[in-house]
Structure formats: structure tokens, C-alpha cells
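Asks: Below is query27.pdb; it holds PDB, C-alpha atoms, pLDDT in the B column.
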```pdb
ATOM      1  CA  MET Y   1     -11.020  -7.884 -15.466  1.00 89.00           C
ATOM      2  CA  PRO Y   2     -11.593  -7.040 -11.811  1.00 95.00           C
ATOM      3  CA  VAL Y   3     -13.371  -3.819 -10.872  1.00 97.00           C
ATOM      4  CA  LYS Y   4     -10.776  -1.490  -9.341  1.00 98.00           C
ATOM      5  CA  ILE Y   5     -11.621   0.847  -6.458  1.00 98.00           C
ATOM      6  CA  VAL Y   6      -9.337   3.333  -4.695  1.00 98.00           C
ATOM      7  CA  MET Y   7     -10.037   5.090  -1.392  1.00 98.00           C
ATOM      8  CA  VAL Y   8      -8.456   8.534  -1.001  1.00 98.00           C
ATOM      9  CA  CYS Y   9      -7.776  10.756   2.004  1.00 97.00           C
ATOM     10  CA  LEU Y  10      -5.139  13.366   2.795  1.00 96.00           C
ATOM     11  CA  GLY Y  11      -2.185  11.362   4.081  1.00 96.00           C
ATOM     12  CA  ASN Y  12      -3.165   7.731   3.356  1.00 97.00           C
ATOM     13  CA  ILE Y  13      -2.509   6.688   6.959  1.00 96.00           C
ATOM     14  CA  CYS Y  14      -5.831   7.055   8.852  1.00 96.00           C
ATOM     15  CA  ARG Y  15      -9.075   6.998   6.891  1.00 97.00           C
ATOM     16  CA  SER Y  16      -8.290   5.569   3.463  1.00 98.00           C
ATOM     17  CA  PRO Y  17      -6.333   2.527   4.758  1.00 98.00           C
ATOM     18  CA  LEU Y  18      -9.326   1.703   6.984  1.00 98.00           C
ATOM     19  CA  ALA Y  19     -11.734   2.175   4.086  1.00 98.00           C
ATOM     20  CA  GLU Y  20      -9.534  -0.031   1.905  1.00 98.00           C
ATOM     21  CA  GLY Y  21      -9.404  -2.804   4.494  1.00 98.00           C
ATOM     22  CA  ILE Y  22     -13.119  -2.634   5.283  1.00 98.00           C
ATOM     23  CA  LEU Y  23     -14.289  -2.629   1.670  1.00 98.00           C
ATOM     24  CA  ARG Y  24     -11.854  -5.390   0.703  1.00 98.00           C
ATOM     25  CA  SER Y  25     -13.300  -7.561   3.477  1.00 98.00           C
ATOM     26  CA  LYS Y  26     -16.817  -7.080   2.072  1.00 98.00           C
ATOM     27  CA  LEU Y  27     -16.121  -7.833  -1.609  1.00 98.00           C
ATOM     28  CA  PRO Y  28     -15.178 -11.102  -3.329  1.00 95.00           C
ATOM     29  CA  SER Y  29     -11.487 -10.879  -4.224  1.00 92.00           C
ATOM     30  CA  ALA Y  30     -12.132 -12.614  -7.545  1.00 92.00           C
ATOM     31  CA  GLY Y  31     -14.032  -9.677  -9.010  1.00 95.00           C
ATOM     32  CA  PHE Y  32     -12.690  -6.634  -7.202  1.00 97.00           C
ATOM     33  CA  THR Y  33      -9.446  -4.978  -6.149  1.00 97.00           C
ATOM     34  CA  VAL Y  34      -9.321  -2.255  -3.511  1.00 98.00           C
ATOM     35  CA  ASP Y  35      -6.459   0.150  -2.886  1.00 98.00           C
ATOM     36  CA  SER Y  36      -5.911   3.490  -1.157  1.00 98.00           C
ATOM     37  CA  ALA Y  37      -3.883   6.648  -1.609  1.00 98.00           C
ATOM     38  CA  GLY Y  38      -3.393  10.119  -0.185  1.00 98.00           C
ATOM     39  CA  THR Y  39      -3.503  13.475  -1.893  1.00 97.00           C
ATOM     40  CA  GLY Y  40      -0.375  14.482   0.052  1.00 95.00           C
ATOM     41  CA  ASN Y  41       3.083  12.940  -0.147  1.00 94.00           C
ATOM     42  CA  TRP Y  42       4.144  12.905   3.532  1.00 92.00           C
ATOM     43  CA  HIS Y  43       3.564   9.211   4.190  1.00 94.00           C
ATOM     44  CA  ILE Y  44       4.639   7.469   0.973  1.00 95.00           C
ATOM     45  CA  GLY Y  45       5.899   3.980   1.849  1.00 97.00           C
ATOM     46  CA  LYS Y  46       4.774   4.196   5.488  1.00 97.00           C
ATOM     47  CA  LYS Y  47       2.323   1.873   7.217  1.00 97.00           C
ATOM     48  CA  PRO Y  48      -1.040   3.180   8.443  1.00 98.00           C
ATOM     49  CA  ASP Y  49      -1.334   5.114  11.715  1.00 96.00           C
ATOM     50  CA  ASP Y  50      -1.062   2.792  14.730  1.00 96.00           C
ATOM     51  CA  ARG Y  51      -4.546   3.877  15.842  1.00 96.00           C
ATOM     52  CA  SER Y  52      -6.035   2.836  12.483  1.00 97.00           C
ATOM     53  CA  ILE Y  53      -4.212  -0.498  12.688  1.00 98.00           C
ATOM     54  CA  ALA Y  54      -5.542  -0.993  16.242  1.00 97.00           C
ATOM     55  CA  VAL Y  55      -9.180  -0.180  15.440  1.00 97.00           C
ATOM     56  CA  ALA Y  56      -9.037  -2.422  12.364  1.00 98.00           C
ATOM     57  CA  LYS Y  57      -7.565  -5.275  14.436  1.00 98.00           C
ATOM     58  CA  LYS Y  58     -10.253  -4.773  17.090  1.00 97.00           C
ATOM     59  CA  ASN Y  59     -12.793  -5.322  14.294  1.00 98.00           C
ATOM     60  CA  GLY Y  60     -11.034  -8.371  12.867  1.00 98.00           C
ATOM     61  CA  LEU Y  61      -9.126  -6.711  10.009  1.00 98.00           C
ATOM     62  CA  GLU Y  62      -5.393  -6.625   9.340  1.00 98.00           C
ATOM     63  CA  ILE Y  63      -4.214  -3.457   7.561  1.00 98.00           C
ATOM     64  CA  SER Y  64      -0.634  -3.141   8.826  1.00 97.00           C
ATOM     65  CA  ASN Y  65       0.772  -4.502   5.555  1.00 97.00           C
ATOM     66  CA  GLN Y  66      -0.563  -1.506   3.608  1.00 98.00           C
ATOM     67  CA  ARG Y  67       1.887   1.214   2.556  1.00 98.00           C
ATOM     68  CA  GLY Y  68       1.110   4.836   1.807  1.00 97.00           C
ATOM     69  CA  GLN Y  69       1.116   6.125  -1.753  1.00 98.00           C
ATOM     70  CA  GLN Y  70       0.252   9.441  -3.342  1.00 98.00           C
ATOM     71  CA  PHE Y  71      -2.698   9.891  -5.682  1.00 98.00           C
ATOM     72  CA  THR Y  72      -1.552  10.931  -9.162  1.00 98.00           C
ATOM     73  CA  THR Y  73      -3.228  11.501 -12.524  1.00 97.00           C
ATOM     74  CA  ALA Y  74      -2.341   7.890 -13.454  1.00 97.00           C
ATOM     75  CA  PHE Y  75      -4.926   6.706 -10.910  1.00 98.00           C
ATOM     76  CA  PHE Y  76      -7.777   8.044 -13.059  1.00 98.00           C
ATOM     77  CA  ASP Y  77      -7.072   5.465 -15.755  1.00 97.00           C
ATOM     78  CA  ALA Y  78      -5.970   2.715 -13.356  1.00 98.00           C
ATOM     79  CA  PHE Y  79      -9.176   2.725 -11.274  1.00 98.00           C
ATOM     80  CA  ASP Y  80     -12.869   2.424 -12.102  1.00 98.00           C
ATOM     81  CA  TYR Y  81     -14.061   4.143  -8.923  1.00 98.00           C
ATOM     82  CA  ILE Y  82     -12.360   6.830  -6.828  1.00 98.00           C
ATOM     83  CA  PHE Y  83     -13.883   7.411  -3.387  1.00 98.00           C
ATOM     84  CA  VAL Y  84     -12.698  10.393  -1.364  1.00 98.00           C
ATOM     85  CA  MET Y  85     -13.173  10.930   2.362  1.00 98.00           C
ATOM     86  CA  ASP Y  86     -14.023  14.640   2.416  1.00 98.00           C
ATOM     87  CA  GLN Y  87     -14.680  17.764   0.365  1.00 97.00           C
ATOM     88  CA  SER Y  88     -11.051  18.880   0.564  1.00 97.00           C
ATOM     89  CA  ASN Y  89      -9.869  15.529  -0.867  1.00 97.00           C
ATOM     90  CA  PHE Y  90     -12.582  15.791  -3.524  1.00 98.00           C
ATOM     91  CA  ASP Y  91     -11.385  19.246  -4.561  1.00 98.00           C
ATOM     92  CA  ASP Y  92      -7.719  18.120  -4.648  1.00 98.00           C
ATOM     93  CA  VAL Y  93      -8.506  15.082  -6.806  1.00 98.00           C
ATOM     94  CA  ILE Y  94     -10.852  16.941  -9.171  1.00 98.00           C
ATOM     95  CA  LYS Y  95      -8.179  19.626  -9.627  1.00 97.00           C
ATOM     96  CA  ILE Y  96      -5.856  17.141 -11.341  1.00 97.00           C
ATOM     97  CA  ALA Y  97      -8.575  15.344 -13.350  1.00 97.00           C
ATOM     98  CA  GLN Y  98      -7.894  15.787 -17.050  1.00 95.00           C
ATOM     99  CA  THR Y  99     -11.190  14.731 -18.640  1.00 97.00           C
ATOM    100  CA  PRO Y 100     -14.918  14.745 -17.806  1.00 97.00           C
ATOM    101  CA  GLU Y 101     -14.691  10.920 -17.583  1.00 97.00           C
ATOM    102  CA  HIS Y 102     -12.012  11.268 -14.894  1.00 97.00           C
ATOM    103  CA  LYS Y 103     -14.200  13.669 -12.896  1.00 98.00           C
ATOM    104  CA  GLN Y 104     -17.172  11.292 -13.081  1.00 97.00           C
ATOM    105  CA  LYS Y 105     -15.177   8.588 -11.287  1.00 98.00           C
ATOM    106  CA  VAL Y 106     -14.697  10.749  -8.161  1.00 98.00           C
ATOM    107  CA  GLN Y 107     -17.309  10.418  -5.415  1.00 98.00           C
ATOM    108  CA  LEU Y 108     -17.573  11.226  -1.720  1.00 98.00           C
ATOM    109  CA  LEU Y 109     -17.695   7.902   0.132  1.00 98.00           C
ATOM    110  CA  LEU Y 110     -20.361   8.887   2.663  1.00 98.00           C
ATOM    111  CA  ASN Y 111     -22.794   9.698  -0.161  1.00 98.00           C
ATOM    112  CA  GLU Y 112     -23.286   5.915  -0.166  1.00 97.00           C
ATOM    113  CA  ILE Y 113     -25.242   6.261   3.089  1.00 97.00           C
ATOM    114  CA  PHE Y 114     -26.173   9.974   2.949  1.00 96.00           C
ATOM    115  CA  PRO Y 115     -27.003  10.401  -0.765  1.00 96.00           C
ATOM    116  CA  GLY Y 116     -26.290  13.876  -2.081  1.00 95.00           C
ATOM    117  CA  GLU Y 117     -25.454  15.302   1.354  1.00 96.00           C
ATOM    118  CA  ASN Y 118     -21.659  15.448   0.788  1.00 96.00           C
ATOM    119  CA  VAL Y 119     -20.906  14.529   4.402  1.00 96.00           C
ATOM    120  CA  ASP Y 120     -17.189  14.403   5.300  1.00 97.00           C
ATOM    121  CA  VAL Y 121     -15.502  11.491   7.039  1.00 96.00           C
ATOM    122  CA  PRO Y 122     -13.789  13.479   9.816  1.00 94.00           C
ATOM    123  CA  ASP Y 123     -10.012  13.173   9.978  1.00 94.00           C
ATOM    124  CA  PRO Y 124      -9.312  11.481  13.339  1.00 95.00           C
ATOM    125  CA  PHE Y 125      -5.572  12.278  13.338  1.00 90.00           C
ATOM    126  CA  TYR Y 126      -5.752  15.177  15.830  1.00 89.00           C
ATOM    127  CA  GLY Y 127      -9.142  14.344  17.299  1.00 84.00           C
ATOM    128  CA  LEU Y 128     -10.586  12.589  20.316  1.00 79.00           C
ATOM    129  CA  ALA Y 129      -9.403   9.197  21.529  1.00 76.00           C
ATOM    130  CA  ASN Y 130     -12.597   7.550  20.266  1.00 88.00           C
ATOM    131  CA  GLY Y 131     -12.343   9.303  16.896  1.00 93.00           C
ATOM    132  CA  PHE Y 132     -10.911   6.233  15.202  1.00 96.00           C
ATOM    133  CA  ASP Y 133     -13.798   4.076  16.465  1.00 96.00           C
ATOM    134  CA  LEU Y 134     -16.338   6.605  15.174  1.00 95.00           C
ATOM    135  CA  VAL Y 135     -14.582   6.826  11.809  1.00 97.00           C
ATOM    136  CA  TYR Y 136     -14.454   3.026  11.604  1.00 98.00           C
ATOM    137  CA  GLN Y 137     -18.217   2.797  12.192  1.00 97.00           C
ATOM    138  CA  MET Y 138     -18.947   5.429   9.500  1.00 97.00           C
ATOM    139  CA  LEU Y 139     -16.645   3.715   7.015  1.00 98.00           C
ATOM    140  CA  ASP Y 140     -18.093   0.306   7.832  1.00 98.00           C
ATOM    141  CA  GLN Y 141     -21.651   1.504   7.103  1.00 98.00           C
ATOM    142  CA  ALA Y 142     -20.628   3.249   3.880  1.00 98.00           C
ATOM    143  CA  CYS Y 143     -18.542   0.283   2.690  1.00 98.00           C
ATOM    144  CA  GLU Y 144     -21.381  -2.134   3.430  1.00 98.00           C
ATOM    145  CA  ALA Y 145     -23.747  -0.089   1.237  1.00 98.00           C
ATOM    146  CA  LEU Y 146     -21.035   0.344  -1.413  1.00 98.00           C
ATOM    147  CA  SER Y 147     -20.204  -3.375  -1.502  1.00 98.00           C
ATOM    148  CA  ILE Y 148     -23.862  -4.229  -2.130  1.00 97.00           C
ATOM    149  CA  ARG Y 149     -24.126  -1.612  -4.888  1.00 97.00           C
ATOM    150  CA  LEU Y 150     -20.883  -2.722  -6.559  1.00 97.00           C
ATOM    151  CA  GLN Y 151     -21.848  -6.392  -6.501  1.00 96.00           C
ATOM    152  CA  GLN Y 152     -25.231  -5.559  -8.030  1.00 96.00           C
ATOM    153  CA  THR Y 153     -23.625  -3.341 -10.672  1.00 95.00           C
ATOM    154  CA  HIS Y 154     -20.816  -5.829 -11.446  1.00 94.00           C
ATOM    155  CA  PRO Y 155     -22.136  -9.363 -10.820  1.00 85.00           C
ATOM    156  CA  HIS Y 156     -19.488 -12.060 -11.145  1.00 71.00           C
TER     157      HIS Y 156
END
```
Is it possible to give me this structure as C-alpha cells?

Replies:
Amino acid sequence: MPVKIVMVCLGNICRSPLAEGILRSKLPSAGFTVDSAGTGNWHIGKKPDDRSIAVAKKNGLEISNQRGQQFTTAFFDAFDYIFVMDQSNFDDVIKIAQTPEHKQKVQLLLNEIFPGENVDVPDPFYGLANGFDLVYQMLDQACEALSIRLQQTHPH
């Protein structure tokens, strides 16, 4: 059984598709599956933001085939790890968790590189032109640390 990881942000078009693509590129596909979702429902079925697609492509990743989906309670049982991009996403996901086991699966992604600091991945949607590059670099660092931890925890 592969280890299943889901990346979660608000709309599932900027941060979580990048995190999905980055982490997938760092893990062996035989032992792991990586997905993403949004807490909101505005972008269900839509491809990631063009700026996320562009920054991924610039870094050698193709994410344009991803499609937005909304995080639901079913995700708690479907995934082993749930990584959220910021405190607001964390609160939204925890709110619909139904058991203590569900809540234990939810973690802030940047705690991988800033343990216990609960640092947010900023939402680049309305931000500066270089916001997507900065977010990519943060996600890349966090996903690198996460991929090492996951492969040590779940050797295949």
C-alpha cells in the first residue's frame, strides 16, 4: 500500500498544486502518492493558476494536468498525511475532523523546516510578481525535508 499525502490550501490553484508537484518529484512513485485539494469550492475541476504552472515549468515540473478538488471529510480516511499551507487552512480542516486520529494527520507544511513555529506559506494570488517564485522556494525546501522524513519513516 502506498503512503498517501495530500497538500491543502484555500483554492487548490496556487500553493497546493505546486506542493503536490514538488513533493511528487522528490518521492519514489512506487511507495507514495501525492495529491492536493482546497478548503474552498471555487476552483473544482480547474487547472492550477497560470503563474503556478509557469513557476513549476521554470523549475522543470509539469503541473498543468492537475485539477482542483475540494477537501472533504472523506480525505481523512483516504490519506495518511494532510499538509496545510497556513493557519487558516489548518483551522478549516481541523473544524471538519471527526476523530482525534483525523486531527493528528493535519500538519502545517512549513513546520518541516521551521519545527513548531507554525509559519504560513503566503498566498501569492494577490501578491507581488515574484511571489510565486518565493512560494516555490519555500515549498521546495519544505518538500525536500518532508521527502527525506517520509522515506526514512516508510522505507520501501

Asks: On this structure, the PyMOL selection byres ((chain Y and resi 107) around 12) would catch which residues? List them as number ranges by chain, sorted by chain and number.

Replies: Y: 5-8, 80-87, 89-91, 93-94, 102-106, 108-112, 115-120, 146

Asks: As JSON, please: the centre and edge lengths in Å, to one decimal, of an axis-aligned box enclosing every listed atom of range 128-137 of chain Y with 6 Å added on each side.

Replies:
```
{"center_x": -13.8, "center_y": 7.7, "center_z": 16.6, "size_x": 20.8, "size_y": 21.8, "size_z": 21.9}
```

Asks: Restricting the calculation to only C-alpha atoms: of Y:Ser25, Y:Thr39, Y:Ser16, Y:Asn130, which residue gets closest to Thr72 in chain Y?

Replies: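 Result for the nearest residue to Thr72 in chain Y: Y:Thr39.
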
Asks: Work out how far apart CA of Lys57 in chain Y and CA of Gly38 in chain Y are and give it in Å to one decimal.

Replies: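 Between CA of Lys57 in chain Y and CA of Gly38 in chain Y the gap is 21.6 Å.
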
Asks: Given all atoms listed in the file as the basis, pick out the residue of Y:Ser147, Y:Gly68, Y:Val55, Y:Lys4 nearest to Val135 in chain Y.

Replies: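 Going through Y:Ser147, Y:Gly68, Y:Val55, Y:Lys4 one by one, the smallest distance to Val135 in chain Y is for Y:Val55.
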
Asks: Using all atoms listed in the file, which of Y:Ala74, Y:Leu134, Y:Ala97, Y:Ala56 sits nearest Leu23 in chain Y?

Replies: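 Of Y:Ala74, Y:Leu134, Y:Ala97, Y:Ala56, the one nearest Leu23 in chain Y, counting all atoms listed in the file, is Y:Ala56.
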